[in-house]
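To keep things clear, I will list the structure first and then write my remarks on it.
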Amino acid sequence: MEATKRHRCLIGAIFLALVVLVWMGPAACQGEEIVKLQFARGVDGQDISGNGQIGTAGEELARPLRVFVSDPQGRPVPGVLIEFKLVEKGSKFYKHGLPTIEPRQIRTSEAGIAATKIHFGKLDGTFHILASPKSHEGNFLIFTVKAYKQHWLAFMLLGLAGGLAIFLFGIKFGGRGLQKAAGSKLRETMCTLTNNRFLGLITGIVVTVIIQSSSATTAMLVSFANAGIIILQQALGVILGADIGTTLTVQLIAFRIFDYALLIVAVGFVIFMSSTERYSRLGQIIMGFGLLFFGMSVMSGAVDPVKDHPAFIKFMLGVERSPVFAIVASAIFTAIIQSSAATIGLVLTLAFQGIIHLETAIPLVLGANIGTCATALLASLGSTAEGRRIAWAHIFFKVAGVLLLLPFLGPFTRFVAGTSPVLTRQIANAHSLFNIGAAFAFIPFVKPWAKLFRFLVKEEEIKIKTFRPVYLDSRVLDTPALALGQATRETLRMADITYNIYSNAINVFLNDDEGLRERLIEEDDKIDTLEEAITPYLTMLSQKEMSDEEAQRAVSLLFIVKNLELIGDIVTKSLMDLALKKITVSPRFSKEALARIEQYHGEIEKTFQMAIDSFASQDRRLAEEVIRRKSEMNKLERELHKEHLALLHGRKEEVTETSTIYLDVISDLKRINSLASGIAYAVLGRL
């Protein structure tokens, strides 16, 4: 009986379990089998879910978030209650700034779609929205949306502009430190230009590394060609070397050391504030490179929001499909900012953020190489034919190099990709490989290229030839060592004219040459023209950042220019007036008086020539000799004066009549001797 009873109870329990399963079965199947959540799609299969949208803080998302609910066969399931919840992160203090969802709960339509709207609060950032059936736990979708700051586009552009400004300032500031460290060696390096094309290539690399700009190097070459310092054939090798030199800067900035940028700036600033000029220069170099990396960090932060923006992604895909468009756009941008390093720095910034691919970056790098030619082209406007040839040669090398590479862009990209696993290093390597390849492709044919550009750019006939400065060029003022070299050459030119006027003045006295006297007076206008050009030039240069040695040289040049101008005035305004009186006076000068004037003039002429030579060669020993002769000339002047007084005591008529002229001439010659000796004092830095 007990066994039968237990058997009946077991059958009853099984029956009850079957009843429960039958009653709960549809609901269980609906939660685990029937209901399926997906991101909604349109009839054409396109995503209409609204997932991944980007909006602006404080505004509503453009499209609602949509969920599609279906059964296992993919048929829409209407009437399912869907709940949308924000996955909150961070402090509750900011809860009032989070996005709001309206409605939070909604049933699916006949098409099986449930939709809700998102309104962003004050906070920007990335937010996650959880969508799940209210009655079916464990089945859900997560939407990701992003809110930009209000006026984010303006802030991005400002960040880019500010970062680019800091970047360019860092290049320029660090370059000035390198120029200070190089000092006169920079000018000496430029003076090593010869017909040896490979030496010119090395010179271009060295100078560009120092001044941190291939555009500036090419602009200097145009300036030197205008002054007749170099010829086209010499410049071509330097141009190709300059293009290689600028790639070293790009190789440096391809390293991602943003996190240490401000530390580098701080260390550089501490060293820069050192009282020792040597350490101050080093600090300026370090600080400049720190600012360069900080500028890139600012740009990187500025472009961060745009990397997910659909419009920007679409634009970048279009650029990637059209390398010619990328080259042209990059060339125009580089021509505007006049820095290929800055353009490539911006490309590297996009690469650091993962926004750009190598296939897009290489055309932008090639365009930057073309755009950098704009500086040289602007520098050539109004220059001589030789200067214009250099500018057009620079453009030709860049454009021809890009055109030669364009058909092989695919293989070149694959080759560059194998040079490094890091994208930024690949971009820097592409820049270096292009310029090194162009240099080796064009440098063997320097002579034929020079002939070609001389044929294409003809000499212009100059109808009116006026006297003007030859060596002064405001375009090299930012490179004090070179600007001082140019001012020195112009001052030497002024010294030669002044010396010739002084040297010929004695012939007016000896031969009563009225025609020569008029010509010498006219020559003084040339001295005044050069003085009126050199003095403002050196004044503008003094406002630039220079080393103590360069500042001292600038002051010395100003002193020498003034002395030369005064010598010219004494000769043409005083001695020539005395010569006119001597021509018209009666009785004539005695032969003895003219011989004494000629002797004294000759001795001072030697002093003047020695002073100019000491200035030209910066020979301190010769300058000391000039100063020693000054006292000898003063002693000779006193002897001539005493001798003349003795003759006056004898009351010779010819001595009495010409006494005033004679003494005034001796006095003027003594003043010229003092001014010439002043040049030697300037050479020694003893003003």
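The chains in the structure tokens are called A, B, ... from first to last as shown; in each chain the residues are counted from 1, and the ligands are counted from 1 in the order shown.
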
Need to verify the contact set: region 34-39 of chain A, 10 Å, only C-alpha atoms, exclusion of same-chain residues closer than 3 positions in sequence. Can you return it as a PyMOL selection string?
chain A and resi 26-31+47-51+65-77+80+82+112-113+131-133+136+139-143

Let me see the file: selected residues, C-alpha atoms, as a short mmCIF file (atom, residue, chain, number, x, y, z; two decimals), in the first residue's frame.
data_model
loop_
_atom_site.label_atom_id
_atom_site.label_comp_id
_atom_site.auth_asym_id
_atom_site.auth_seq_id
_atom_site.Cartn_x
_atom_site.Cartn_y
_atom_site.Cartn_z
CA PRO A 26 5.44 30.93 -23.95
CA ALA A 27 6.94 33.48 -21.59
CA ALA A 28 10.12 31.48 -21.17
CA CYS A 29 10.44 31.01 -24.89
CA GLN A 30 9.73 34.69 -25.47
CA GLY A 31 12.64 35.68 -23.11
CA ASP A 47 21.87 51.38 -40.47
CA ILE A 48 19.16 53.68 -39.06
CA SER A 49 19.81 52.83 -35.41
CA GLY A 50 21.53 56.14 -34.61
CA ASN A 51 24.41 54.29 -32.97
CA LEU A 65 18.16 55.71 -31.24
CA ARG A 66 16.24 52.77 -32.73
CA VAL A 67 16.04 49.12 -31.64
CA PHE A 68 14.60 46.34 -33.79
CA VAL A 69 12.98 43.39 -31.95
CA SER A 70 12.40 40.16 -33.88
CA ASP A 71 11.61 36.48 -33.38
CA PRO A 72 14.07 33.72 -34.33
CA GLN A 73 12.74 33.79 -37.90
CA GLY A 74 13.52 37.51 -38.15
CA ARG A 75 9.91 38.67 -38.04
CA PRO A 76 9.19 41.89 -36.11
CA VAL A 77 7.69 41.48 -32.67
CA VAL A 80 7.64 44.52 -26.45
CA ILE A 82 12.01 48.39 -24.28
CA GLY A 112 9.19 45.84 -34.28
CA ILE A 113 11.05 49.12 -33.74
CA ALA A 131 18.56 49.17 -24.37
CA SER A 132 16.85 46.01 -23.03
CA PRO A 133 13.38 44.39 -22.94
CA HIS A 136 13.24 39.70 -20.60
CA ASN A 139 18.95 40.46 -23.65
CA PHE A 140 20.27 43.96 -24.42
CA LEU A 141 22.08 46.33 -26.81
CA ILE A 142 24.52 49.17 -26.01
CA PHE A 143 24.49 52.39 -28.05
#

Could the residues of region 350-409 of chain A that have an atom at most 10 Å from region 195-214 of chain A be listed as a Markdown table, each with its closest atom pair and the distance in Å to one decimal, counting only C-alpha atoms and ordered by chain and ascending residue number?
| residue | atom | partner | partner_atom | distance |
| --- | --- | --- | --- | --- |
| A:Thr372 | CA | A:Ser214 | CA | 8.0 |
| A:Cys373 | CA | A:Ser214 | CA | 9.1 |
| A:Thr375 | CA | A:Ser214 | CA | 9.5 |
| A:Ala376 | CA | A:Ser214 | CA | 9.5 |

When you count only C-alpha atoms, which of these residues is closest to Gly295 (chain A): A:Val476, A:Ala551, A:Leu346, A:Ala579?
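Closest residue, counting only C-alpha atoms: A:Leu346.
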
Determine, counting only C-alpha atoms, which protein, DNA and RNA residues have an atom within 6 Å of an atom of region 151-168 of chain A; residues of the same chain fewer than 3 positions away are not included. Present the result as a PDB file with C-alpha atoms, in the first residue's frame.
ATOM      1  CA  ILE A 171      61.545  75.943 -34.682  1.00  0.00           C
ATOM      2  CA  LEU A 292      58.128  72.460 -30.879  1.00  0.00           C
ATOM      3  CA  GLY A 295      52.973  72.813 -30.095  1.00  0.00           C
ATOM      4  CA  VAL A 298      48.372  71.203 -28.528  1.00  0.00           C
ATOM      5  CA  MET A 299      47.540  70.382 -32.154  1.00  0.00           C
ATOM      6  CA  ALA A 302      42.770  70.006 -30.878  1.00  0.00           C
TER       7      ALA A 302
END

Smallest atom-to-atom distance to Ser280 (chain A): which of A:Thr535, A:Thr413, A:Ser547, A:Thr343, using only C-alpha atoms?
A:Ser547

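The gap separating CA of Ile527 (chain A) from CA of Glu565 (chain A) is 6.3 Å, in Å to one decimal.
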
Which residues are close to Phe352 (chain A), i.e. within 9 Å by only C-alpha atoms, leaving aside same-chain residues fewer than 3 positions away? Reply as a VMD selection string.
chain A and resid 256 300 347 to 349 355 to 356 423 to 424

Using only C-alpha atoms, which protein or nucleic acid residues come within 12 Å of Arg468 (chain A)? Drop anything in the same chain fewer than 6 positions from it, and give the result as a list in words.
Ala227, Glu490, Arg493, Met494, Asp525, Lys526, Ile527, Asp528, Thr529, Leu530, Glu531, Glu532, Ala533 and Ile534 of chain A

In Å, how far is it from CA of Glu550 (chain A) to CA of Asp569 (chain A)?
28.8 Å

Contacts of Phe434 (chain A) at 10 Å (only C-alpha atoms; same-chain gap of 2+ positions) as a PDB file with N, CA and C atoms, in the first residue's frame:
ATOM      1  N   ASP A 243      67.269  70.675 -49.030  1.00  0.00           N
ATOM      2  CA  ASP A 243      66.079  69.823 -48.967  1.00  0.00           C
ATOM      3  C   ASP A 243      66.323  68.588 -48.102  1.00  0.00           C
ATOM      4  N   ILE A 244      67.548  68.093 -48.096  1.00  0.00           N
ATOM      5  CA  ILE A 244      67.875  66.961 -47.218  1.00  0.00           C
ATOM      6  C   ILE A 244      67.975  67.439 -45.775  1.00  0.00           C
ATOM      7  N   THR A 247      64.859  67.518 -43.628  1.00  0.00           N
ATOM      8  CA  THR A 247      64.252  66.239 -43.228  1.00  0.00           C
ATOM      9  C   THR A 247      64.729  65.796 -41.847  1.00  0.00           C
ATOM     10  N   ILE A 362      51.616  60.267 -47.468  1.00  0.00           N
ATOM     11  CA  ILE A 362      52.706  60.469 -48.428  1.00  0.00           C
ATOM     12  C   ILE A 362      52.368  61.551 -49.452  1.00  0.00           C
ATOM     13  N   VAL A 365      52.851  64.847 -47.795  1.00  0.00           N
ATOM     14  CA  VAL A 365      54.285  65.144 -47.642  1.00  0.00           C
ATOM     15  C   VAL A 365      54.863  65.661 -48.958  1.00  0.00           C
ATOM     16  N   LEU A 366      54.487  65.043 -50.057  1.00  0.00           N
ATOM     17  CA  LEU A 366      54.984  65.485 -51.369  1.00  0.00           C
ATOM     18  C   LEU A 366      54.489  66.892 -51.680  1.00  0.00           C
ATOM     19  N   ASN A 369      56.502  69.488 -49.879  1.00  0.00           N
ATOM     20  CA  ASN A 369      57.792  69.731 -50.527  1.00  0.00           C
ATOM     21  C   ASN A 369      57.667  70.734 -51.671  1.00  0.00           C
ATOM     22  N   LYS A 398      61.659  70.171 -57.158  1.00  0.00           N
ATOM     23  CA  LYS A 398      60.575  69.631 -56.336  1.00  0.00           C
ATOM     24  C   LYS A 398      59.460  69.045 -57.198  1.00  0.00           C
ATOM     25  N   GLY A 401      60.585  65.988 -59.160  1.00  0.00           N
ATOM     26  CA  GLY A 401      60.721  64.842 -58.270  1.00  0.00           C
ATOM     27  C   GLY A 401      59.377  64.203 -57.957  1.00  0.00           C
ATOM     28  N   VAL A 402      58.369  65.045 -57.693  1.00  0.00           N
ATOM     29  CA  VAL A 402      57.031  64.525 -57.389  1.00  0.00           C
ATOM     30  C   VAL A 402      56.432  63.838 -58.613  1.00  0.00           C
ATOM     31  N   LEU A 405      57.903  60.470 -59.167  1.00  0.00           N
ATOM     32  CA  LEU A 405      57.519  59.482 -58.160  1.00  0.00           C
ATOM     33  C   LEU A 405      56.052  59.074 -58.269  1.00  0.00           C
ATOM     34  N   PHE A 412      56.299  52.712 -53.830  1.00  0.00           N
ATOM     35  CA  PHE A 412      57.036  53.549 -52.877  1.00  0.00           C
ATOM     36  C   PHE A 412      56.388  53.468 -51.495  1.00  0.00           C
ATOM     37  N   ASN A 429      60.327  58.935 -42.703  1.00  0.00           N
ATOM     38  CA  ASN A 429      61.218  58.238 -43.639  1.00  0.00           C
ATOM     39  C   ASN A 429      60.845  58.530 -45.088  1.00  0.00           C
ATOM     40  N   ALA A 430      59.542  58.624 -45.371  1.00  0.00           N
ATOM     41  CA  ALA A 430      59.103  58.949 -46.733  1.00  0.00           C
ATOM     42  C   ALA A 430      59.625  60.320 -47.143  1.00  0.00           C
ATOM     43  N   HIS A 431      59.561  61.276 -46.225  1.00  0.00           N
ATOM     44  CA  HIS A 431      60.062  62.635 -46.495  1.00  0.00           C
ATOM     45  C   HIS A 431      61.562  62.602 -46.782  1.00  0.00           C
ATOM     46  N   SER A 432      62.311  61.869 -45.966  1.00  0.00           N
ATOM     47  CA  SER A 432      63.765  61.790 -46.149  1.00  0.00           C
ATOM     48  C   SER A 432      64.126  61.072 -47.440  1.00  0.00           C
ATOM     49  N   ILE A 436      66.327  62.692 -50.471  1.00  0.00           N
ATOM     50  CA  ILE A 436      67.630  62.080 -50.761  1.00  0.00           C
ATOM     51  C   ILE A 436      67.640  61.517 -52.178  1.00  0.00           C
ATOM     52  N   GLY A 437      66.548  60.877 -52.559  1.00  0.00           N
ATOM     53  CA  GLY A 437      66.448  60.339 -53.916  1.00  0.00           C
ATOM     54  C   GLY A 437      66.510  61.427 -54.968  1.00  0.00           C
ATOM     55  N   ALA A 438      65.795  62.554 -54.718  1.00  0.00           N
ATOM     56  CA  ALA A 438      65.817  63.670 -55.668  1.00  0.00           C
ATOM     57  C   ALA A 438      67.220  64.248 -55.791  1.00  0.00           C
ATOM     58  N   ALA A 439      67.928  64.354 -54.659  1.00  0.00           N
ATOM     59  CA  ALA A 439      69.288  64.910 -54.681  1.00  0.00           C
ATOM     60  C   ALA A 439      70.212  64.052 -55.538  1.00  0.00           C
TER      61      ALA A 439
END

Best match for closeness to Ala441 (chain A) among A:Leu477, A:Val324, A:Ala219, A:Leu404, counting only C-alpha atoms
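That would be A:Leu404, the residue with the smallest distance to Ala441 (chain A).
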
May I ask for the distance between CA of Tyr148 (chain A) and CA of Thr56 (chain A), given in Å to one decimal place?
4.7 Å
